[in-house]
Amino acid sequence: MNDSHVSGRYAQALYLLTEKIAAREGKPLAGVLERTLEDLRSVAELVRPGSRLGGFLANPQVSPNDKRRVLDSGLKDSAMRSVAVFTDLLLRKKRLRFVDEIVKEFHRLVERAQGLQRAQVVSAVPLERGEFKRLHGELERTTGKKIVLTESVDPALVGGAYVRIGDRVIDRSVKTLLETISQQLFDVSV
């Protein structure tokens with residue numbers, strides 16, 4: 001099982017737990033999700049490699065019970081109980097090293113619950129503000145979702161751009177067009 005699969009499963013489990021907590025307590029799911037994400041990010045910062053707590057937790061000479069006790073006392077009053085229990089689970093299962101990736105996966109789940117979709121546009125040159133706004137609006141219109149659009153530049157595209165939305169890629173780059181023409185010419189000449 002690869003790291004992203006493990007992280008995705010743990011993030012999904014925390015998401016389901018958070019849904020149950022929100023329903024049981026009669027609180028809006030969005031608020032409970034945001035607080036859980038915030039607490040999870042704080043945990044990731046606390047246990048990151050190189051931090052004092054991260055070093056303590058990674059030390060093989062410290063007993064698992066001592067690690068759990070220190071972690072529990074540190075999170076008891078500062079994090080939601082569900083996040084503290086989840087962090088303890090990660091510690092017991094030796095999965096704390098995945099916490100940064102779990103945060104990313106959980107963040108994606110929270111965005112999806114909020115109706116947000118991430119997209120990235122890669123262009124040969126930076127897009128002008130008007131072009132970026134038009135593209136953003138068109139993506140929201142065609143997907144029916146609120147789009148969080150990021151931009152990057154890749155001069156190797158020669159011209160044009162491509163957009164990645166989840167698994168889908170809309171490629172209108174000159175590089176791809178030239179490769180397609182080249183392949184068609186090769187197919188015809190053979």
# chains A, B, ... in the order shown; residues from 1 in each chain; ligands from 1

$ residues_around --residues "Ile147 of chain A" --least-positions-apart "3" --cutoff "9 Å" --atoms "only C-alpha atoms" --output "list in words"
Gly115, Leu116, Gln117, Arg118, Ala119, His136, Gly137, Leu139, Glu140, Thr143 and Gly144 of chain A

$ residues_around --residues "Leu90 of chain A" --least-positions-apart "3" --cutoff "12 Å" --atoms "only C-alpha atoms" --output "list of chain:residue names"
A:Val6, A:Ser7, A:Tyr10, A:Ala11, A:Ala13, A:Leu14, A:Leu40, A:Val43, A:Ala44, A:Val47, A:Leu57, A:Lys67, A:Arg68, A:Leu71, A:Val83, A:Ala84, A:Val85, A:Phe86, A:Thr87, A:Lys93, A:Lys94, A:Arg95, A:Leu96, A:Arg97, A:Phe98, A:Val99, A:Asp100, A:Ile102

$ closest_residue --among "A:Asp72, A:His107, A:Phe56, A:Asn2" --to "Thr36 of chain A" --atoms "only C-alpha atoms"
A:His107

$ select_by_dssp --residues "chain A" --states "helix (DSSP H, G or I)" --output "PyMOL selection string"
chain A and resi 3-25+29-47+52-58+64-75+81-92+96-113+129-143+155-157+174-189

$ atom_distance --atom1 "atom CA of Phe186 of chain A" --atom2 "atom CA of Arg164 of chain A"
28.3 Å

$ closest_residue --among "A:Leu91, A:Leu127, A:Val122, A:Ala156" --to "Val169 of chain A" --atoms "only C-alpha atoms"
A:Val122

$ closest_residue --among "A:Arg24, A:Glu105, A:Arg52, A:Glu151" --to "Gly8 of chain A" --atoms "only C-alpha atoms"
A:Glu105

$ residues_around --residues "Asp171 of chain A" --least-positions-apart "4" --cutoff "10 Å" --atoms "only C-alpha atoms" --output "PDB file with C-alpha atoms, in the first residue's frame"
ATOM      1  CA  VAL A 121      -3.653  26.394 -15.207  1.00  0.00           C
ATOM      2  CA  VAL A 122      -0.192  26.072 -16.713  1.00  0.00           C
ATOM      3  CA  GLY A 160      -1.242  28.199 -25.135  1.00  0.00           C
ATOM      4  CA  ALA A 161      -2.032  26.500 -21.841  1.00  0.00           C
ATOM      5  CA  TYR A 162      -3.504  23.483 -20.158  1.00  0.00           C
ATOM      6  CA  VAL A 163      -5.815  23.192 -17.175  1.00  0.00           C
ATOM      7  CA  ARG A 164      -5.875  20.311 -14.715  1.00  0.00           C
ATOM      8  CA  LYS A 175       3.549  21.861 -27.668  1.00  0.00           C
ATOM      9  CA  THR A 176       0.773  19.227 -27.597  1.00  0.00           C
ATOM     10  CA  LEU A 177      -0.629  20.480 -30.905  1.00  0.00           C
TER      11      LEU A 177
END

$ closest_residue --among "A:Thr180, A:Leu17, A:Ile170, A:Glu101" --to "Arg48 of chain A" --atoms "only C-alpha atoms"
A:Glu101

$ select_by_dssp --residues "chain A" --states "strand (DSSP E)" --output "PyMOL selection string"
chain A and resi 116-123+146-153+160-165+168-173
